[in-house]
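Written below as structure tokens is the structure these notes are about.
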There are 2 protein chains.
Amino acid sequence: MLSQKARYALRALIVLADRDDSEPMMIADVAKAADVPRKFLEQILLELKKRGIVRSTRGRQGGYQLGKSAKEITFADILRVTDGPLALSPCVSQHAYQKCEDCFDEAICPIRKALLAARDATAHVLEGQTLAAAVTQSKRAH
Amino acid sequence: MLSQKARYALRALIVLADRDDSEPMMIADVAKAADVPRKFLEQILLELKKRGIVRSTRGRQGGYQLGKSAKEITFADILRVTDGPLALSPCVSQHAYQKCEDCFDEAICPIRKALLAARDATAHVLEGQTLAAAVTQSKRAH
DNA sequence: TCTAGTGTCGATATGAATGATCGACTTACA
DNA sequence: TGTAAGTCGATCATTCATATCGACACTAGA
């Protein structure tokens, strides 16, 4: 399951993607539009910023904007920030690989093999879902 | 990520699947073979029993066996017991659907659409992975 | 019928993660 | 230089994950 944090991040980013990106949007406004607790959103945006998904401007007239084109930001990118690796086990993670402690031989582990297939399938789908597509879709529906 | 509980369940079930199933195996023996804390395994097996994945015999000479053929038990079945729905959100779960509280219209929710695709992909893979296949594979490797 | 060996079940302990909030600080523009 | 913005560290409440304990119920075999 997604964490609440992930839901908030997705909603906030869709808000940012769905507007004229020429000037930044204040945290408070994003929080209101995306229905996210203001202070919590702060933390989330900071993490997204560290990964380059958004960028910020300080001081007056400051706020947040996407860090790159909405076409280049995928759901996979976002979920990796908020919820960690997509994989069901560290031993099948592409971006955060780690050996299982109690696995004596990865090569023949029957569990690993199944999890690897699951990871590939999930990642393939989520890496194909961009923010731009999400915005387009929700606009078309109105 | 999988919970520890899920890893334990998978390992224990592979142990049960990988033996002559004519007589039950004691919890203590399963715990040892699968390297799972005995008391914790108790709880896990009870839950698996409720879902029909294993069955038990009480009293002397008692113990656990698979509840059906290893060919009919999928990783999806097991993970649903230990970790809940495979879906990333209740609103896209097949077996445990629930409406999002703060989602005003499911039909046009751009997040939901992405999560639905992810669920389908994951479920498809995990429902294709049986205990029997896992055992066969690990045997072939030796 | 007794008893030893087995699963069952409810309660509880503990630590970690999650979700959320607060207040002080820094930066930038007018 | 004052004010409006983001930044950052700390903290807190609650829930969840992991694990353990002890008493109980059931059954085969002596």
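If you're wondering about the labels, chains in the structure tokens are A, B, ... by order shown, residues count from 1 in each chain, ligands from 1 in order shown.
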So that each row is one residue of chain D with an atom at most 10 Å from chain A, can you give its shortest atom pair and the distance in Å to one decimal, using only C-alpha atoms (C1' of nucleotides), rows by chain and rising number, as CSV?
```
residue,atom,partner,partner_atom,distance
D:DT3,C1',A:Arg60,CA,8.3
D:DA4,C1',A:Arg60,CA,5.1
D:DA5,C1',A:Gly59,CA,4.3
D:DG6,C1',A:Arg58,CA,5.1
D:DT7,C1',A:Leu46,CA,8.5
D:DC8,C1',A:Gln43,CA,9.6
```
If you keep C-alpha atoms (C1' of nucleotides), can you produce a file of those selected residues as a compact mmCIF listing (two decimals), in the first residue's frame?
```txt
# COMPACT_ATOMS: atom_id res chain seq x y z
C1' DT D 3 8.23 41.21 5.74
C1' DA D 4 7.07 37.16 3.21
C1' DA D 5 8.59 33.28 1.85
C1' DG D 6 11.29 28.53 2.20
C1' DT D 7 14.49 25.64 5.57
C1' DC D 8 15.63 22.82 9.28
```
**Asked** So which residues touch segment 12-26 of chain C within 12 Å, counting only C-alpha atoms (C1' of nucleotides), skipping near sequence neighbours fewer than 6 positions away, as a PyMOL selection string?
**Response** (chain A and resi 2-6+8+36-44+58-59+82-83) or (chain D and resi 5-22)
**Request:** Determine which residues of chain B sit within 9 Å of chain A, taking into account only C-alpha atoms, and present them as a PyMOL selection string.
**Result:** chain B and resi 1-3+7+10-11+35+75+84-90+102+107-111+113-115+117-126+129+133-142
Using only C-alpha atoms, please write the residues we just selected to a file, as a PDB file, in the first residue's frame.
```
ATOM      1  CA  MET B   1       8.570  -4.246   0.625  1.00  0.00           C
ATOM      2  CA  LEU B   2       7.598  -7.599   2.043  1.00  0.00           C
ATOM      3  CA  SER B   3       7.122  -7.861   5.764  1.00  0.00           C
ATOM      4  CA  ARG B   7       9.240 -13.981   4.190  1.00  0.00           C
ATOM      5  CA  LEU B  10       7.001 -18.194   2.127  1.00  0.00           C
ATOM      6  CA  ARG B  11       9.927 -20.073   3.578  1.00  0.00           C
ATOM      7  CA  ASP B  35      14.667 -20.602  10.270  1.00  0.00           C
ATOM      8  CA  PHE B  75       2.609 -16.343  -4.064  1.00  0.00           C
ATOM      9  CA  GLY B  84      -2.850  -7.712   2.882  1.00  0.00           C
ATOM     10  CA  PRO B  85      -3.909  -6.608  -0.593  1.00  0.00           C
ATOM     11  CA  LEU B  86      -1.378  -6.528  -3.402  1.00  0.00           C
ATOM     12  CA  ALA B  87      -2.777  -3.223  -4.614  1.00  0.00           C
ATOM     13  CA  LEU B  88      -1.076   0.080  -3.845  1.00  0.00           C
ATOM     14  CA  SER B  89      -4.407   1.600  -2.820  1.00  0.00           C
ATOM     15  CA  PRO B  90      -7.639   0.159  -1.435  1.00  0.00           C
ATOM     16  CA  ASP B 102     -10.757  12.032   0.183  1.00  0.00           C
ATOM     17  CA  ALA B 107     -13.756   7.590 -12.325  1.00  0.00           C
ATOM     18  CA  ILE B 108     -11.530  10.490 -13.209  1.00  0.00           C
ATOM     19  CA  CYS B 109      -8.818  10.118 -10.569  1.00  0.00           C
ATOM     20  CA  PRO B 110      -5.534  10.114 -12.472  1.00  0.00           C
ATOM     21  CA  ILE B 111      -3.732   8.470  -9.590  1.00  0.00           C
ATOM     22  CA  LYS B 113      -5.697   4.828 -13.085  1.00  0.00           C
ATOM     23  CA  ALA B 114      -1.958   4.422 -12.684  1.00  0.00           C
ATOM     24  CA  LEU B 115      -2.315   2.332  -9.561  1.00  0.00           C
ATOM     25  CA  ALA B 117      -2.365  -0.692 -14.008  1.00  0.00           C
ATOM     26  CA  ALA B 118       0.325  -1.402 -11.429  1.00  0.00           C
ATOM     27  CA  ARG B 119      -1.939  -3.720  -9.492  1.00  0.00           C
ATOM     28  CA  ASP B 120      -2.859  -5.677 -12.574  1.00  0.00           C
ATOM     29  CA  ALA B 121       0.758  -6.170 -13.515  1.00  0.00           C
ATOM     30  CA  THR B 122       1.839  -7.242 -10.045  1.00  0.00           C
ATOM     31  CA  ALA B 123      -1.114  -9.532  -9.473  1.00  0.00           C
ATOM     32  CA  HIS B 124      -0.653 -11.176 -12.840  1.00  0.00           C
ATOM     33  CA  VAL B 125       2.914 -12.099 -12.003  1.00  0.00           C
ATOM     34  CA  LEU B 126       2.324 -13.230  -8.441  1.00  0.00           C
ATOM     35  CA  GLN B 129       4.005 -18.130  -9.235  1.00  0.00           C
ATOM     36  CA  ALA B 133       7.186 -24.155  -9.212  1.00  0.00           C
ATOM     37  CA  ALA B 134       9.323 -22.676  -6.460  1.00  0.00           C
ATOM     38  CA  VAL B 135      10.152 -26.113  -5.087  1.00  0.00           C
ATOM     39  CA  THR B 136      10.907 -27.580  -8.498  1.00  0.00           C
ATOM     40  CA  GLN B 137      13.180 -24.722  -9.269  1.00  0.00           C
ATOM     41  CA  SER B 138      15.145 -24.877  -6.042  1.00  0.00           C
ATOM     42  CA  LYS B 139      15.589 -28.639  -6.472  1.00  0.00           C
ATOM     43  CA  ARG B 140      16.863 -28.275 -10.011  1.00  0.00           C
ATOM     44  CA  ALA B 141      19.483 -25.861  -8.776  1.00  0.00           C
ATOM     45  CA  HIS B 142      21.039 -28.376  -6.398  1.00  0.00           C
TER      46      HIS B 142
END
```
Counting only C-alpha atoms (C1' of nucleotides), a student should be able to say which residues of chain C come within 6 Å of chain B; what is the right answer, written as an MDAnalysis selection string? chainID C and resid 5:7
Okay, now the selection with C-alpha atoms (C1' of nucleotides), as a tab-separated table (two decimals), in the first residue's frame?
```
chain	number	residue	atom	x	y	z
C	5	DG	C1'	2.90	-34.20	23.20
C	6	DT	C1'	0.85	-31.33	20.20
C	7	DG	C1'	-1.81	-27.26	18.18
```
Practice task
Please give the complete set of residues from segment 16-115 of chain A that DSSP, run on the backbone, assigns to alpha helix (DSSP H), formatted as a PyMOL selection string.
Solution key: chain A and resi 16-17+27-34+38-50+75-83+110-115
(Q) With DSSP run on the backbone, what are the strand (DSSP E or B) residues within chain B? I'd like them as a PyMOL selection string. (A) chain B and resi 25+54-57+63-66+74+130
Let's have the selection written as a PDB file, in the first residue's frame, with N, CA and C atoms.
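The resulting file, part-v5.pdb, is shown below:
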```pdb
ATOM      1  N   MET B  25       3.785 -32.209   9.748  1.00  0.00           N
ATOM      2  CA  MET B  25       5.102 -31.826  10.259  1.00  0.00           C
ATOM      3  C   MET B  25       4.888 -30.869  11.437  1.00  0.00           C
ATOM      4  N   VAL B  54      -2.998 -23.974   4.598  1.00  0.00           N
ATOM      5  CA  VAL B  54      -2.490 -25.171   5.284  1.00  0.00           C
ATOM      6  C   VAL B  54      -3.630 -25.776   6.099  1.00  0.00           C
ATOM      7  N   ARG B  55      -3.408 -27.016   6.548  1.00  0.00           N
ATOM      8  CA  ARG B  55      -4.354 -27.580   7.508  1.00  0.00           C
ATOM      9  C   ARG B  55      -3.544 -28.222   8.612  1.00  0.00           C
ATOM     10  N   SER B  56      -4.178 -28.451   9.754  1.00  0.00           N
ATOM     11  CA  SER B  56      -3.418 -28.938  10.895  1.00  0.00           C
ATOM     12  C   SER B  56      -4.075 -30.158  11.514  1.00  0.00           C
ATOM     13  N   THR B  57      -3.286 -30.906  12.243  1.00  0.00           N
ATOM     14  CA  THR B  57      -3.782 -32.034  13.027  1.00  0.00           C
ATOM     15  C   THR B  57      -3.347 -31.796  14.460  1.00  0.00           C
ATOM     16  N   GLY B  63       0.508 -31.833  13.607  1.00  0.00           N
ATOM     17  CA  GLY B  63       1.392 -30.927  12.883  1.00  0.00           C
ATOM     18  C   GLY B  63       0.681 -30.284  11.715  1.00  0.00           C
ATOM     19  N   TYR B  64       1.454 -29.763  10.807  1.00  0.00           N
ATOM     20  CA  TYR B  64       0.894 -29.034   9.664  1.00  0.00           C
ATOM     21  C   TYR B  64       1.199 -29.684   8.325  1.00  0.00           C
ATOM     22  N   GLN B  65       0.258 -29.500   7.406  1.00  0.00           N
ATOM     23  CA  GLN B  65       0.432 -29.911   6.013  1.00  0.00           C
ATOM     24  C   GLN B  65      -0.153 -28.829   5.134  1.00  0.00           C
ATOM     25  N   LEU B  66       0.177 -28.887   3.860  1.00  0.00           N
ATOM     26  CA  LEU B  66      -0.469 -27.949   2.939  1.00  0.00           C
ATOM     27  C   LEU B  66      -1.966 -28.249   2.909  1.00  0.00           C
ATOM     28  N   THR B  74      -0.519 -19.989  -4.793  1.00  0.00           N
ATOM     29  CA  THR B  74       0.330 -19.000  -5.464  1.00  0.00           C
ATOM     30  C   THR B  74       0.942 -18.030  -4.459  1.00  0.00           C
ATOM     31  N   THR B 130       3.609 -20.389  -8.424  1.00  0.00           N
ATOM     32  CA  THR B 130       3.089 -21.355  -7.461  1.00  0.00           C
ATOM     33  C   THR B 130       4.195 -21.899  -6.560  1.00  0.00           C
TER      34      THR B 130
END
```
Rounded to one decimal in Å, what is the spacing between atom CA of Ser69 of chain B and atom CA of Asp29 of chain B?
->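 Atom CA of Asp29 of chain B lies 20.8 Å from atom CA of Ser69 of chain B.
Between atom C1' of DA28 of chain C and atom CA of Pro24 of chain A the interatomic distance comes to 14.1 Å.
Coordinates place atom CA of Ala34 of chain B at a distance of 11.8 Å from atom CA of Ala17 of chain B.
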